[in-house]
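Asks: Next comes input.cif, mmCIF, C-alpha atoms:
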```cif
data_structure
loop_
_atom_site.label_atom_id
_atom_site.label_comp_id
_atom_site.auth_asym_id
_atom_site.auth_seq_id
_atom_site.Cartn_x
_atom_site.Cartn_y
_atom_site.Cartn_z
CA MET J 12 35.70 -46.07 -6.72
CA ILE J 13 35.01 -44.33 -3.42
CA VAL J 14 36.92 -41.39 -1.96
CA TYR J 15 36.07 -39.15 0.97
CA VAL J 16 35.49 -35.44 0.36
CA ASN J 17 35.00 -33.22 3.40
CA GLY J 18 34.05 -36.23 5.47
CA GLU J 19 31.46 -37.64 3.05
CA THR J 20 31.79 -40.54 0.62
CA ARG J 21 31.91 -39.67 -3.05
CA GLU J 22 31.97 -42.07 -5.99
CA ILE J 23 34.37 -41.11 -8.79
CA ALA J 24 35.78 -42.73 -11.91
CA GLU J 25 39.09 -44.59 -11.89
CA ASN J 26 42.12 -42.39 -12.60
CA SER J 27 40.25 -39.21 -11.66
CA HIS J 28 42.35 -36.22 -10.70
CA VAL J 29 41.81 -33.85 -7.80
CA ALA J 30 40.93 -31.16 -10.34
CA ASP J 31 38.09 -33.37 -11.62
CA VAL J 32 36.52 -33.48 -8.16
CA ILE J 33 36.95 -29.73 -7.78
CA ALA J 34 35.22 -29.20 -11.13
CA ASP J 35 32.34 -31.54 -10.19
CA MET J 36 31.80 -29.42 -7.08
CA GLY J 37 31.68 -26.21 -9.12
CA LEU J 38 34.80 -24.86 -7.47
CA THR J 39 37.09 -24.46 -10.48
CA GLY J 40 38.73 -21.04 -10.37
CA LYS J 41 37.59 -20.40 -6.80
CA ARG J 42 39.98 -19.46 -4.01
CA ILE J 43 40.20 -22.76 -2.15
CA ALA J 44 42.78 -24.85 -0.29
CA VAL J 45 43.07 -28.62 -0.66
CA GLU J 46 44.40 -31.22 1.74
CA LEU J 47 44.97 -34.81 0.49
CA ASN J 48 45.33 -37.46 3.18
CA LYS J 49 46.25 -34.74 5.72
CA GLU J 50 48.94 -33.23 3.48
CA ILE J 51 48.56 -29.86 1.75
CA LEU J 52 48.23 -30.28 -2.01
CA PRO J 53 49.56 -27.16 -3.78
CA PHE J 54 47.31 -25.51 -6.33
CA ASP J 55 49.60 -26.30 -9.26
CA GLN J 56 49.30 -30.04 -8.51
CA HIS J 57 45.50 -30.31 -8.59
CA GLY J 58 45.48 -31.27 -12.26
CA ALA J 59 48.28 -33.83 -12.00
CA GLN J 60 47.34 -35.62 -8.77
CA VAL J 61 45.55 -38.93 -9.47
CA LEU J 62 43.22 -40.11 -6.72
CA GLN J 63 43.26 -43.60 -5.25
CA ALA J 64 40.42 -45.51 -3.56
CA ASP J 65 39.75 -44.34 0.00
CA ASP J 66 41.76 -41.14 -0.43
CA ARG J 67 40.57 -38.34 1.83
CA LEU J 68 40.20 -34.80 0.53
CA GLU J 69 39.50 -31.69 2.57
CA ILE J 70 38.52 -28.66 0.50
CA VAL J 71 38.12 -25.38 2.36
CA HIS J 72 37.37 -21.75 1.65
CA ALA J 73 37.05 -18.60 3.73
CA ILE J 74 33.79 -17.47 5.36
CA GLY J 75 32.85 -14.60 7.60
CA GLY J 76 33.87 -15.04 11.20
CA GLY J 77 31.88 -14.45 14.35
CA GLN J 78 29.31 -16.40 16.32
CA ASP J 79 25.93 -17.45 15.05
CA ASP J 80 23.35 -14.95 16.34
CA SER J 81 20.18 -16.77 15.42
CA PHE J 82 17.19 -17.10 17.71
CA VAL J 83 14.79 -20.02 17.95
CA ILE J 84 11.01 -20.13 17.75
CA ALA J 85 9.23 -23.47 18.07
CA GLY J 86 12.45 -25.34 17.44
CA LYS J 87 13.46 -23.48 14.27
CA ALA J 88 16.36 -21.05 14.09
CA TYR J 89 15.96 -17.68 12.38
CA HIS J 90 18.70 -15.23 11.48
CA SER J 91 16.54 -12.22 10.66
CA ARG J 92 15.09 -10.59 13.76
CA LEU J 93 12.68 -8.48 11.71
CA LEU J 94 9.23 -9.96 11.16
CA VAL J 95 6.87 -8.21 8.78
CA GLY J 96 3.20 -8.10 7.89
CA THR J 97 1.59 -7.98 4.47
CA GLY J 98 -1.23 -5.45 4.81
CA LYS J 99 -1.67 -1.87 3.56
CA TYR J 100 0.62 -2.04 0.53
CA LYS J 101 -0.63 -0.56 -2.74
CA ASP J 102 -0.29 -3.87 -4.59
CA LEU J 103 1.26 -7.31 -4.38
CA GLU J 104 4.40 -6.25 -6.24
CA GLU J 105 5.15 -3.56 -3.66
CA THR J 106 4.47 -6.15 -0.96
CA ARG J 107 6.99 -8.52 -2.52
CA LEU J 108 9.69 -5.89 -2.96
CA ALA J 109 9.33 -4.51 0.56
CA ILE J 110 9.48 -7.94 2.16
CA GLU J 111 12.58 -8.82 0.16
CA ALA J 112 14.23 -5.55 1.20
CA SER J 113 13.42 -6.23 4.85
CA GLY J 114 15.31 -9.51 4.86
CA ALA J 115 12.50 -11.02 6.95
CA GLU J 116 12.17 -14.77 7.23
CA ILE J 117 8.81 -14.76 9.05
CA VAL J 118 5.87 -13.05 7.33
CA THR J 119 2.42 -12.63 8.88
CA VAL J 120 -0.78 -13.04 6.90
CA ALA J 121 -4.40 -12.44 7.84
CA ILE J 122 -6.98 -15.16 7.22
CA ARG J 123 -10.01 -13.87 5.31
CA ARG J 124 -12.83 -15.25 3.20
CA THR J 125 -11.93 -15.72 -0.45
CA ASN J 126 -13.16 -13.44 -3.24
CA ILE J 127 -13.93 -10.51 -0.95
CA GLY J 128 -13.00 -7.47 -3.06
CA GLN J 129 -10.85 -9.65 -5.31
CA ASN J 130 -11.19 -9.90 -9.06
CA PRO J 131 -11.50 -13.41 -10.51
CA GLY J 132 -8.07 -14.69 -11.48
CA GLU J 133 -6.22 -12.09 -9.39
CA PRO J 134 -3.05 -13.52 -7.79
CA ASN J 135 -3.27 -14.74 -4.23
CA LEU J 136 -0.88 -13.36 -1.60
CA LEU J 137 0.72 -16.78 -1.18
CA ASP J 138 1.48 -16.81 -4.91
CA VAL J 139 3.78 -13.84 -4.25
CA ILE J 140 5.03 -14.66 -0.74
CA SER J 141 5.94 -18.30 -1.16
CA PRO J 142 5.77 -20.66 1.84
CA ASP J 143 8.82 -22.33 0.32
CA LYS J 144 10.85 -19.17 0.95
CA TYR J 145 9.26 -17.72 4.10
CA THR J 146 7.75 -19.00 7.32
CA ILE J 147 4.14 -17.93 6.90
CA LEU J 148 2.60 -16.83 10.18
CA PRO J 149 -1.21 -16.80 10.11
CA ASN J 150 -2.58 -14.21 12.51
CA THR J 151 -5.94 -13.61 14.11
CA ALA J 152 -6.11 -9.89 13.32
CA GLY J 153 -9.65 -8.60 13.67
CA CYS J 154 -10.76 -11.19 16.24
CA TYR J 155 -12.50 -9.93 19.36
CA THR J 156 -13.29 -13.23 21.09
CA ALA J 157 -11.28 -16.29 21.98
CA GLU J 158 -13.71 -18.42 19.97
CA ASP J 159 -13.14 -16.44 16.77
CA ALA J 160 -9.39 -16.48 17.26
CA VAL J 161 -9.29 -20.25 17.71
CA ARG J 162 -11.48 -20.81 14.64
CA THR J 163 -9.20 -18.56 12.60
CA CYS J 164 -6.07 -20.43 13.69
CA ARG J 165 -7.62 -23.76 12.78
CA LEU J 166 -8.53 -22.43 9.33
CA GLY J 167 -4.98 -21.13 8.94
CA ARG J 168 -3.59 -24.53 9.85
CA GLU J 169 -5.79 -26.15 7.21
CA LEU J 170 -4.85 -23.51 4.63
CA LEU J 171 -1.13 -24.12 5.12
CA GLY J 172 -1.28 -27.89 5.27
CA GLY J 173 -0.95 -28.55 8.99
CA HIS J 174 1.20 -25.52 9.84
CA LYS J 175 1.26 -25.14 13.65
CA LEU J 176 2.92 -21.74 14.14
CA VAL J 177 0.37 -18.93 14.57
CA LYS J 178 0.20 -15.39 15.87
CA LEU J 179 -2.59 -14.91 18.36
CA GLU J 180 -4.20 -11.55 18.99
CA VAL J 181 -7.60 -11.01 20.58
CA LEU J 182 -8.60 -7.36 20.52
CA ALA J 183 -10.68 -5.49 23.09
CA ASP J 184 -12.17 -2.69 20.96
CA GLN J 185 -11.91 -1.11 17.53
CA LYS J 186 -10.69 2.30 18.71
CA THR J 187 -7.55 1.33 20.63
CA LEU J 188 -6.95 -2.20 19.26
CA PHE J 189 -5.50 -3.01 22.66
CA PRO J 190 -5.48 -6.71 23.52
CA ASP J 191 -8.27 -8.25 25.56
CA VAL J 192 -5.94 -10.06 27.90
CA ALA J 193 -8.63 -12.19 29.56
CA GLU J 194 -9.81 -13.53 26.19
CA THR J 195 -6.20 -13.93 25.09
CA TYR J 196 -5.53 -16.24 28.05
CA ILE J 197 -8.51 -18.40 27.09
CA ALA J 198 -7.54 -18.59 23.43
CA ALA J 199 -3.90 -19.32 24.23
CA GLU J 200 -4.82 -22.21 26.52
CA LEU J 201 -7.14 -23.73 23.91
CA LEU J 202 -4.61 -23.39 21.10
CA VAL J 203 -1.72 -24.82 23.11
CA LYS J 204 -3.86 -27.82 24.06
CA ASP J 205 -4.73 -28.22 20.37
CA GLY J 206 -1.05 -28.52 19.46
CA PHE J 207 -0.43 -25.03 18.11
CA ASP J 208 2.84 -23.14 18.55
CA VAL J 209 1.50 -19.78 19.69
CA MET J 210 3.20 -16.42 19.32
CA VAL J 211 0.98 -14.07 21.27
CA TYR J 212 0.30 -10.33 21.10
CA THR J 213 -0.30 -8.72 24.49
CA ASN J 214 0.08 -5.44 26.31
CA ASP J 215 3.35 -4.33 27.92
CA ASP J 216 2.40 -5.78 31.31
CA PRO J 217 5.17 -8.02 32.71
CA ILE J 218 2.63 -10.06 34.69
CA ALA J 219 0.49 -10.79 31.65
CA ALA J 220 3.57 -11.63 29.59
CA LYS J 221 4.79 -14.14 32.16
CA ARG J 222 1.36 -15.71 32.43
CA LEU J 223 1.23 -16.28 28.68
CA GLU J 224 4.67 -17.88 28.80
CA GLU J 225 3.47 -20.20 31.58
CA ILE J 226 0.43 -21.17 29.49
CA GLY J 227 2.87 -22.49 26.90
CA CYS J 228 3.20 -19.77 24.24
CA VAL J 229 6.44 -20.12 22.27
CA ALA J 230 6.95 -16.35 22.02
CA VAL J 231 5.40 -13.33 23.74
CA MET J 232 4.89 -10.11 21.77
CA PRO J 233 4.21 -7.04 23.91
CA LEU J 234 3.07 -3.88 22.13
CA ALA J 235 5.32 -0.85 21.91
CA ALA J 236 2.30 1.42 21.35
CA PRO J 237 -1.18 1.02 19.81
CA ILE J 238 -1.29 -0.90 16.53
CA GLY J 239 -0.53 1.32 13.56
CA SER J 240 0.18 4.40 15.70
CA GLY J 241 3.89 4.78 14.95
CA LEU J 242 4.44 6.22 18.42
CA GLY J 243 7.44 4.05 19.25
CA ILE J 244 8.14 2.36 22.56
CA ARG J 245 6.10 4.14 25.24
CA ASN J 246 7.14 2.02 28.24
CA PRO J 247 10.72 0.87 27.74
CA TYR J 248 11.14 -0.17 31.37
CA ASN J 249 8.13 -2.47 31.14
CA ILE J 250 9.58 -4.06 28.02
CA LEU J 251 12.94 -4.42 29.79
CA THR J 252 11.27 -6.14 32.75
CA ILE J 253 9.46 -8.54 30.41
CA VAL J 254 12.74 -9.40 28.67
CA GLU J 255 14.62 -9.91 31.93
CA ASN J 256 12.00 -12.33 33.29
CA ALA J 257 11.38 -14.34 30.12
CA ASN J 258 12.39 -17.85 29.16
CA VAL J 259 10.90 -17.58 25.66
CA PRO J 260 11.63 -15.10 22.87
CA ILE J 261 10.23 -11.61 23.39
CA LEU J 262 9.37 -9.63 20.26
CA VAL J 263 7.98 -6.11 20.22
CA ASP J 264 4.78 -6.03 18.20
CA ALA J 265 2.86 -2.91 17.14
CA GLY J 266 3.55 0.81 17.41
CA VAL J 267 6.98 1.05 15.80
CA GLY J 268 7.25 4.09 13.53
CA THR J 269 10.78 4.26 12.21
CA ALA J 270 14.17 2.57 12.30
CA SER J 271 15.26 4.20 15.55
CA ASP J 272 12.23 2.68 17.31
CA ALA J 273 13.26 -0.75 16.07
CA ALA J 274 16.83 -0.15 17.25
CA ILE J 275 15.61 0.85 20.73
CA ALA J 276 13.59 -2.37 21.01
CA MET J 277 16.66 -4.40 20.14
CA GLU J 278 18.88 -2.42 22.52
CA LEU J 279 16.50 -3.40 25.33
CA GLY J 280 17.32 -7.03 24.60
CA CYS J 281 14.24 -8.03 22.61
CA ASP J 282 14.70 -11.01 20.32
CA GLY J 283 12.97 -9.30 17.42
CA VAL J 284 10.36 -6.83 16.19
CA LEU J 285 7.21 -7.40 14.16
CA MET J 286 5.86 -4.51 12.11
CA ASN J 287 3.62 -3.72 9.17
CA THR J 288 2.28 -0.15 9.05
CA ALA J 289 5.67 1.44 9.74
CA ILE J 290 6.88 0.01 6.43
CA ALA J 291 3.72 -0.09 4.33
CA ALA J 292 2.60 3.46 5.24
CA ALA J 293 5.99 5.05 4.53
CA LYS J 294 6.31 7.26 1.46
CA ASN J 295 8.81 4.75 0.10
CA PRO J 296 7.96 1.37 1.67
CA VAL J 297 10.80 -0.52 0.01
CA LEU J 298 13.40 1.95 1.25
CA MET J 299 11.84 1.96 4.72
CA ALA J 300 11.98 -1.84 4.80
CA SER J 301 15.70 -1.62 4.15
CA ALA J 302 16.07 1.01 6.89
CA MET J 303 14.20 -1.18 9.37
CA ARG J 304 16.46 -4.09 8.58
CA LYS J 305 19.51 -1.97 9.35
CA GLY J 306 17.91 -0.53 12.49
CA ILE J 307 17.27 -4.02 13.82
CA GLU J 308 20.86 -5.06 13.09
CA ALA J 309 22.34 -1.93 14.66
CA GLY J 310 20.21 -2.26 17.79
CA ARG J 311 21.12 -5.91 18.20
CA GLU J 312 24.83 -5.19 17.86
CA ALA J 313 24.59 -2.35 20.37
CA PHE J 314 22.87 -4.68 22.84
CA LEU J 315 25.56 -7.33 22.41
CA ALA J 316 28.32 -4.73 22.71
CA GLY J 317 26.96 -3.35 25.98
CA ARG J 318 26.45 0.39 26.13
CA MET J 319 28.54 2.67 28.31
CA PRO J 320 27.04 3.61 31.68
CA ARG J 321 25.11 6.85 31.82
CA LYS J 322 26.82 9.63 33.78
CA ARG J 323 25.47 12.86 35.14
CA PHE J 324 28.57 14.93 34.38
CA ALA J 325 31.10 15.11 31.56
CA SER J 326 34.03 12.76 31.25
CA ALA J 327 36.90 13.86 28.98
CA SER J 328 37.62 11.57 26.03
CA SER J 329 41.27 12.63 25.89
CA PRO J 330 43.61 12.29 28.90
CA ILE J 331 44.47 15.56 30.65
CA ASP J 332 47.83 14.37 32.02
CA GLY J 333 50.76 15.89 30.13
CA LEU J 334 49.08 19.06 28.96
CA PHE J 335 51.74 21.65 27.99
CA PHE J 336 49.88 24.71 29.28
#
```
Would you mind writing the file's structure down as structure tokens?

Replies:
Amino acid sequence: MIVYVNGETREIAENSHVADVIADMGLTGKRIAVELNKEILPFDQHGAQVLQADDRLEIVHAIGGGQDDSFVIAGKAYHSRLLVGTGKYKDLEETRLAIEASGAEIVTVAIRRTNIGQNPGEPNLLDVISPDKYTILPNTAGCYTAEDAVRTCRLGRELLGGHKLVKLEVLADQKTLFPDVAETYIAAELLVKDGFDVMVYTNDDPIAAKRLEEIGCVAVMPLAAPIGSGLGIRNPYNILTIVENANVPILVDAGVGTASDAAIAMELGCDGVLMNTAIAAAKNPVLMASAMRKGIEAGREAFLAGRMPRKRFASASSPIDGLFF
């Protein structure tokens, strides 16, 4: 016969008890509350209450309160605002452990020719970082022309079975690894027209960031400092201006060195932070990944809370009225 459990139909045997349904749902012994046909059913009656056809059960438990604080990229919601790369780790096991400790849901990977410096039979990165668990974000690291970047994205799409989300970066030179903004515009336009969802690395120029948004990029990723430098956010007011003028997610990319840098980015109102070297080059990458996760969370909460205004002079925390001397 059919009964309704939490608004959905469920087929059960004749003469089934409420406790049978609870057991089928794996909830036996759990702290739950049950309502039968809009009447509370006490716990001690679960085993005795026989269900009839079309009975309606509501089974509830407690969850954490608060509002959902996810952000959306290309139509998909993410709860972790920390995005991580996969380079520079000592081995794939350290890579796996650090990414797990970070809590990241989006993981960037570089696209390279197979068998370069790899022993036959050696595990592939995607064997360790499963696309079933993470959103894999192919990036165009190492590309210095729009043409090379577009080719790399198309290979990444083929590699991941039609995956459209990519991270675009077109570099200007090997010393600074600053973006070549002119080439980035060209590549972004070509990729958007080709149906890609483009997350784009750029400098901390509010004009360039807005232009890339207008081209159709789904997220804009201004640098905090040069890639791999660990210098932290050099131009916070530029980042703030980019955030204030944006209609797409803004994620700081490159230059973060430690958890306080990540927190500052989030306090400015950024939607997230992407990093690799800051974690992989730490003395203890797994512990640093955990620290970065907490820094992101703390910075986000501070942004939502709204910091106190800055004041030039002191302001007593305790009232001075009623002093006895």

Asks: Please compute the CA of Ala274 in chain J-CA of Asn258 in chain J distance, one decimal, in Å.

Replies: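 One can read the CA of Ala274 in chain J to CA of Asn258 in chain J distance as 21.8 Å.
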
Asks: From the set J:Ala235, J:Ala270, J:Cys154, J:Ala219, which residue has the shortest atom-to-atom contact distance to Ala193 in chain J, counting only C-alpha atoms?

Replies: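 Of J:Ala235, J:Ala270, J:Cys154, J:Ala219, the one nearest Ala193 in chain J is J:Ala219, counting only C-alpha atoms.
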
Asks: So how far away is CA of Thr156 in chain J from CA of Leu171 in chain J, in Å?

Replies: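 Spanning CA of Leu171 in chain J to CA of Thr156 in chain J is a straight-line distance of 22.8 Å.
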
Asks: Could you write out as number ranges by chain the residues that the PyMOL selection byres ((chain J and resi 194) around 9) matches in the shown file?

Replies: J: 155-158, 181-183, 190-193, 195-199

Asks: Keeping only C-alpha atoms, write the selected residues as a PDB file, in the frame of the given file.

Replies:
```pdb
ATOM      1  CA  TYR J 155     -12.500  -9.930  19.360  1.00  0.00           C
ATOM      2  CA  THR J 156     -13.290 -13.230  21.090  1.00  0.00           C
ATOM      3  CA  ALA J 157     -11.280 -16.290  21.980  1.00  0.00           C
ATOM      4  CA  GLU J 158     -13.710 -18.420  19.970  1.00  0.00           C
ATOM      5  CA  VAL J 181      -7.600 -11.010  20.580  1.00  0.00           C
ATOM      6  CA  LEU J 182      -8.600  -7.360  20.520  1.00  0.00           C
ATOM      7  CA  ALA J 183     -10.680  -5.490  23.090  1.00  0.00           C
ATOM      8  CA  PRO J 190      -5.480  -6.710  23.520  1.00  0.00           C
ATOM      9  CA  ASP J 191      -8.270  -8.250  25.560  1.00  0.00           C
ATOM     10  CA  VAL J 192      -5.940 -10.060  27.900  1.00  0.00           C
ATOM     11  CA  ALA J 193      -8.630 -12.190  29.560  1.00  0.00           C
ATOM     12  CA  THR J 195      -6.200 -13.930  25.090  1.00  0.00           C
ATOM     13  CA  TYR J 196      -5.530 -16.240  28.050  1.00  0.00           C
ATOM     14  CA  ILE J 197      -8.510 -18.400  27.090  1.00  0.00           C
ATOM     15  CA  ALA J 198      -7.540 -18.590  23.430  1.00  0.00           C
ATOM     16  CA  ALA J 199      -3.900 -19.320  24.230  1.00  0.00           C
TER      17      ALA J 199
END
```

Asks: If I take CA of Ser113 in chain J and CA of Ala300 in chain J, how far is one from the other in Å, to one decimal?

Replies: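 CA of Ser113 in chain J sits 4.6 Å away from CA of Ala300 in chain J.
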
Asks: To test the calculation: enclose all listed atoms of range 281-300 of chain J in a box whose edges run along x, y and z, add 4 Å on each side, then state centre and edge lengths in Å to one decimal, as lines of an AutoDock Vina configuration file.

Replies:
```
center_x = 8.5
center_y = -1.9
center_z = 11.3
size_x = 20.4
size_y = 26.3
size_z = 30.6
```

Asks: The PyMOL selection byres ((chain J and resi 142) around 12) - which residues does that actually catch in the file I just gave you? List them as number ranges by chain.

Replies: J: 116-120, 136-141, 143-149, 170-172, 174

Asks: Taking 6 positions as the minimum chain separation for residues in the same chain, which residues sit within 10 Å of Asp272 in chain J when counting only C-alpha atoms? Answer as a list in words.

Replies: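 Once the nearby chain positions are removed, what remains is Ala235, Gly241, Leu242, Gly243, Ile244, Gly266, Glu278, Val284, Met303, Gly306, Ile307 and Gly310 of chain J.
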
Asks: Have a look at J:Met277, J:Ile122, J:Ala293, J:Ala88 and name the one nearest to Gly153 in chain J; count only C-alpha atoms.

Replies: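 Closest to Gly153 in chain J of all the choices is J:Ile122.
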
Asks: Which one is closest to Gln60 in chain J: J:Val32, J:Ser81, J:Gly40, J:Leu251? Count only C-alpha atoms.

Replies: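 Result for the nearest residue to Gln60 in chain J: J:Val32.
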
Asks: Considering all atoms listed in the file, return as a ChimeraX atom specification whatever protein or nucleic-acid residues lie within 8 Å of Asp215 in chain J, sequence-local ones (same chain, fewer than 5 positions apart) excluded.

Replies: /J:220,233-235,246,249-250,253

Asks: Could you please take those selected residues and save C-alpha atoms as an mmCIF file, in the coordinates of the input?

Replies:
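The result, stored in out.cif:
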```
data_model
loop_
_atom_site.group_PDB
_atom_site.id
_atom_site.type_symbol
_atom_site.label_atom_id
_atom_site.label_comp_id
_atom_site.auth_asym_id
_atom_site.auth_seq_id
_atom_site.Cartn_x
_atom_site.Cartn_y
_atom_site.Cartn_z
ATOM 1 C CA ALA J 220 3.570 -11.630 29.590
ATOM 2 C CA PRO J 233 4.210 -7.040 23.910
ATOM 3 C CA LEU J 234 3.070 -3.880 22.130
ATOM 4 C CA ALA J 235 5.320 -0.850 21.910
ATOM 5 C CA ASN J 246 7.140 2.020 28.240
ATOM 6 C CA ASN J 249 8.130 -2.470 31.140
ATOM 7 C CA ILE J 250 9.580 -4.060 28.020
ATOM 8 C CA ILE J 253 9.460 -8.540 30.410
#
```

Asks: So that I can check the surroundings of Asp102 in chain J, please list as a PyMOL selection string every protein, DNA and RNA residue that reaches within 12 Å of it, counting all atoms listed in the file and ignoring chain neighbours fewer than 6 positions away.

Replies: chain J and resi 108-109+133-136+139+291+296

Asks: Which is closer to Leu188 in chain J than all the others in J:Thr252, J:Ser326, J:Asn150, J:Ser240, using all atoms listed in the file?

Replies: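 Checking each candidate against Leu188 in chain J, we get J:Ser240 as the closest.
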
Asks: Complete range 86-98 of chain J with N, CA, C and O atoms (output as a JSON list (two decimals), in the frame of the given file).

Replies:
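Dumped everything to out.json:
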```
[["chain", "number", "residue", "atom", "x", "y", "z"],
["J", 86, "GLY", "N", 11.46, -24.39, 17.89],
["J", 86, "GLY", "CA", 12.45, -25.34, 17.44],
["J", 86, "GLY", "C", 13.16, -24.99, 16.15],
["J", 86, "GLY", "O", 14.05, -25.72, 15.72],
["J", 87, "LYS", "N", 12.83, -23.87, 15.53],
["J", 87, "LYS", "CA", 13.46, -23.48, 14.27],
["J", 87, "LYS", "C", 14.27, -22.21, 14.48],
["J", 87, "LYS", "O", 13.80, -21.25, 15.10],
["J", 88, "ALA", "N", 15.49, -22.20, 13.94],
["J", 88, "ALA", "CA", 16.36, -21.05, 14.09],
["J", 88, "ALA", "C", 16.12, -20.04, 12.97],
["J", 88, "ALA", "O", 15.94, -20.42, 11.80],
["J", 89, "TYR", "N", 16.11, -18.77, 13.34],
["J", 89, "TYR", "CA", 15.96, -17.68, 12.38],
["J", 89, "TYR", "C", 17.11, -16.70, 12.55],
["J", 89, "TYR", "O", 17.50, -16.39, 13.67],
["J", 90, "HIS", "N", 17.60, -16.18, 11.43],
["J", 90, "HIS", "CA", 18.70, -15.23, 11.48],
["J", 90, "HIS", "C", 18.21, -13.78, 11.39],
["J", 90, "HIS", "O", 18.85, -12.89, 11.93],
["J", 91, "SER", "N", 17.11, -13.56, 10.71],
["J", 91, "SER", "CA", 16.54, -12.22, 10.66],
["J", 91, "SER", "C", 15.66, -12.01, 11.89],
["J", 91, "SER", "O", 14.78, -12.83, 12.19],
["J", 92, "ARG", "N", 15.89, -10.91, 12.58],
["J", 92, "ARG", "CA", 15.09, -10.59, 13.76],
["J", 92, "ARG", "C", 13.98, -9.58, 13.44],
["J", 92, "ARG", "O", 13.35, -9.05, 14.34],
["J", 93, "LEU", "N", 13.77, -9.34, 12.16],
["J", 93, "LEU", "CA", 12.68, -8.48, 11.71],
["J", 93, "LEU", "C", 11.59, -9.35, 11.11],
["J", 93, "LEU", "O", 11.82, -10.09, 10.16],
["J", 94, "LEU", "N", 10.40, -9.26, 11.67],
["J", 94, "LEU", "CA", 9.23, -9.96, 11.16],
["J", 94, "LEU", "C", 8.29, -8.92, 10.56],
["J", 94, "LEU", "O", 8.14, -7.82, 11.14],
["J", 95, "VAL", "N", 7.68, -9.22, 9.45],
["J", 95, "VAL", "CA", 6.87, -8.21, 8.78],
["J", 95, "VAL", "C", 5.49, -8.74, 8.42],
["J", 95, "VAL", "O", 5.30, -9.93, 8.20],
["J", 96, "GLY", "N", 4.55, -7.79, 8.33],
["J", 96, "GLY", "CA", 3.20, -8.10, 7.89],
["J", 96, "GLY", "C", 3.04, -7.81, 6.41],
["J", 96, "GLY", "O", 3.96, -7.33, 5.73],
["J", 97, "THR", "N", 1.83, -8.07, 5.92],
["J", 97, "THR", "CA", 1.59, -7.98, 4.47],
["J", 97, "THR", "C", 0.44, -7.06, 4.11],
["J", 97, "THR", "O", 0.03, -7.00, 2.95],
["J", 98, "GLY", "N", -0.09, -6.32, 5.08],
["J", 98, "GLY", "CA", -1.23, -5.45, 4.81],
["J", 98, "GLY", "C", -0.82, -4.04, 4.41],
["J", 98, "GLY", "O", 0.33, -3.62, 4.60]]
```
